[in-house]
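First up is the structure itself, then whatever we jot down about it.
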Amino acid sequence: MKRRVHFLAWYRVLPLLIVFAFGAFSWVYAYAPAPLFRLLYPLDYEEQILESATAHGIDPYLVSAVIDTESGWDASALSNRGACGLMQLMPETAHDMVAKGLVDGSRYDADDLTDPETNIEIGCAYLSYLTSYFNGATDHAVAAYNAGMGNVDSWTSEGADLEDAITFPETQAYLARVTSAHDRYQQLYPEAF
């Protein structure tokens with residue numbers, strides 16, 4: 001007895017459903033209204049971000065993008081490497097920013113990186129320091145925020161384009177995520193800062 005195979009058998013329909021689901025998600029992501037995107041890209045601590053970003057000459061939307069990428073706005077976030085708070089700062093970096101005089105240590109305690117105001121202030125100081133080190137190249141500063149200054153220096157020492165020279169997949173993805181989030185924050189919250 002010969003068995004007939006139905007065109008809509010489960011093993012044919014399942015891949016079609018998966019493709020349809022990805023297509024629907026892509027469409028929603030591309031054409032969703034701003035309120036839906038605001039769920040994906042929340043904004044908090046506007047006053048602290050604006051105050052610290054302005055004091056250190058950093059774009060507040062960039063700070064928001066770094067916070068979103070680093071911690072997803074979780075002030076108590078702690079990485080397995082020991083980075084703390086909203087902007088995922090290493091304690092050594094925080095103390096270094098105070099020691100360099102870029103952060104007022106009497107006002108901001110470098111040991112309290114889970115305090116949003118302290119974390120944002122020190123994170124903005126560090127982003128400003130990196131941006132100055134790389135002569136205003138924001139993409140270099142963002143890559144160095146993730147991979148360190150030495151790695152970015154070695155990647156670009158031959159004059160290569162940074163995006164092509166990055167050898168860490170994590171840093172490539174990080175730079176793309178921060179850049180995308182930066183654009184989204186500017187689009188979604190044009191009047192925030």
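Residues are named by chain letter and number: chains run A, B, ... in the order of the structure tokens, numbers start at 1 in each chain, and ligands are numbered from 1 in the order shown.
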
Per residue of segment 78-119 of chain A within 12 Å of segment 136-157 of chain A, note the shortest atom pair and the distance in Å to one decimal, counting only C-alpha atoms, and order the rows by chain and increasing residue number, as a tab-separated table.
residue	atom	partner	partner_atom	distance
A:Ala83	CA	A:Asn146	CA	11.0
A:Met87	CA	A:Tyr145	CA	9.8
A:Gln88	CA	A:Asn146	CA	9.7
A:Leu89	CA	A:Tyr145	CA	9.3
A:Met90	CA	A:Tyr145	CA	10.7
A:Thr93	CA	A:Tyr145	CA	10.5

Distance query Asp183 of chain A at most 9 Å, only C-alpha atoms, self and fewer than 5 positions along chain excluded, as a ChimeraX atom specification: /A:61-62,65,178,188

Just the selected residues (C-alpha atoms), exported as a tab-separated table (two decimals), in the first residue's frame, please.
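This went into out_3.tsv:
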chain	number	residue	atom	x	y	z
A	61	TYR	CA	22.46	60.09	23.59
A	62	LEU	CA	25.78	58.25	23.37
A	65	ALA	CA	23.29	54.03	24.22
A	178	VAL	CA	26.03	51.11	20.62
A	188	LEU	CA	12.87	58.20	19.91

Selected residue, from A:Asp74, A:Glu163, A:Glu92, A:Glu170, that lies nearest to Leu43 of chain A when counting only C-alpha atoms: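 Of the candidates, the smallest distance to Leu43 of chain A is held by A:Asp74.
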
Non-local contacts of Glu121 of chain A (8 Å; only C-alpha atoms; under 4 positions in same chain excluded) as a list in words: Gln48, Ile49, Ser52, Ala53, Val103, Tyr108, Glu117 and Ala125 of chain A

Two-atom distance - atom CA of Ala75 of chain A, atom CA of Gly123 of chain A (Å): 12.7 Å

Separation of atom CA of Asp115 of chain A from atom CA of Thr54 of chain A, in Å and rounded to one decimal: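 Here the two named atoms are 19.2 Å from each other.
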
Those of segment 12-193 of chain A in DSSP alpha helix (DSSP H), formatted as a VMD selection string: chain A and resid 12 to 31 34 to 40 46 to 56 60 to 71 91 to 99 116 to 133 138 to 147 149 to 156 162 to 165 169 to 188

Distance query Pro116 of chain A at most 8 Å, only C-alpha atoms, self and fewer than 5 positions along chain excluded, as number ranges by chain: A: 45, 75, 85-86

Among listed residues A:Tyr133, A:Pro91, A:Arg38, A:Leu127, nearest Thr114 of chain A (using only C-alpha atoms): A:Pro91

Å distance separating atom CA of Cys124 of chain A from atom CA of Leu36 of chain A, one decimal place: 28.2 Å

Please report as a Markdown table every residue of segment 23-123 of chain A lying within 10 Å of segment 179-182 of chain A, along with the nearest atom pair and their distance in Å (one decimal), using only C-alpha atoms.
| residue | atom | partner | partner_atom | distance |
| --- | --- | --- | --- | --- |
| A:Leu40 | CA | A:Ala181 | CA | 9.9 |
| A:Tyr41 | CA | A:Ala181 | CA | 7.6 |
| A:Asp59 | CA | A:His182 | CA | 9.5 |
| A:Pro60 | CA | A:His182 | CA | 9.3 |
| A:Tyr61 | CA | A:His182 | CA | 5.8 |
| A:Leu62 | CA | A:His182 | CA | 5.4 |
| A:Val63 | CA | A:His182 | CA | 8.3 |
| A:Ser64 | CA | A:His182 | CA | 7.3 |
| A:Ala65 | CA | A:His182 | CA | 4.9 |
| A:Val66 | CA | A:Ala181 | CA | 8.1 |
| A:Ile67 | CA | A:Ala181 | CA | 9.7 |
| A:Asp68 | CA | A:Ala181 | CA | 7.5 |
| A:Thr69 | CA | A:Ala181 | CA | 7.6 |

Please, could you write that set of residues out with N, CA and C atoms as an mmCIF file, in the first residue's frame?
data_model
loop_
_atom_site.group_PDB
_atom_site.id
_atom_site.type_symbol
_atom_site.label_atom_id
_atom_site.label_comp_id
_atom_site.auth_asym_id
_atom_site.auth_seq_id
_atom_site.Cartn_x
_atom_site.Cartn_y
_atom_site.Cartn_z
ATOM 1 N N LEU A 40 11.613 48.863 23.941
ATOM 2 C CA LEU A 40 12.896 48.224 23.662
ATOM 3 C C LEU A 40 14.077 49.115 24.035
ATOM 4 N N TYR A 41 13.872 50.437 23.980
ATOM 5 C CA TYR A 41 14.925 51.402 24.290
ATOM 6 C C TYR A 41 14.414 52.382 25.346
ATOM 7 N N ASP A 59 28.087 63.458 24.265
ATOM 8 C CA ASP A 59 26.724 63.399 23.770
ATOM 9 C C ASP A 59 25.870 62.551 24.729
ATOM 10 N N PRO A 60 24.809 63.133 25.309
ATOM 11 C CA PRO A 60 23.972 62.358 26.239
ATOM 12 C C PRO A 60 23.287 61.160 25.581
ATOM 13 N N TYR A 61 23.041 61.243 24.291
ATOM 14 C CA TYR A 61 22.458 60.095 23.592
ATOM 15 C C TYR A 61 23.463 58.947 23.509
ATOM 16 N N LEU A 62 24.740 59.282 23.374
ATOM 17 C CA LEU A 62 25.776 58.246 23.373
ATOM 18 C C LEU A 62 25.840 57.587 24.749
ATOM 19 N N VAL A 63 25.749 58.384 25.794
ATOM 20 C CA VAL A 63 25.755 57.841 27.159
ATOM 21 C C VAL A 63 24.563 56.895 27.339
ATOM 22 N N SER A 64 23.403 57.300 26.866
ATOM 23 C CA SER A 64 22.208 56.453 26.953
ATOM 24 C C SER A 64 22.404 55.149 26.200
ATOM 25 N N ALA A 65 23.029 55.228 25.026
ATOM 26 C CA ALA A 65 23.285 54.027 24.220
ATOM 27 C C ALA A 65 24.258 53.086 24.926
ATOM 28 N N VAL A 66 25.276 53.645 25.568
ATOM 29 C CA VAL A 66 26.238 52.817 26.302
ATOM 30 C C VAL A 66 25.554 52.148 27.488
ATOM 31 N N ILE A 67 24.737 52.897 28.207
ATOM 32 C CA ILE A 67 24.021 52.324 29.349
ATOM 33 C C ILE A 67 23.108 51.184 28.886
ATOM 34 N N ASP A 68 22.360 51.432 27.817
ATOM 35 C CA ASP A 68 21.454 50.407 27.307
ATOM 36 C C ASP A 68 22.223 49.154 26.902
ATOM 37 N N THR A 69 23.349 49.337 26.229
ATOM 38 C CA THR A 69 24.140 48.208 25.747
ATOM 39 C C THR A 69 24.862 47.493 26.882
#
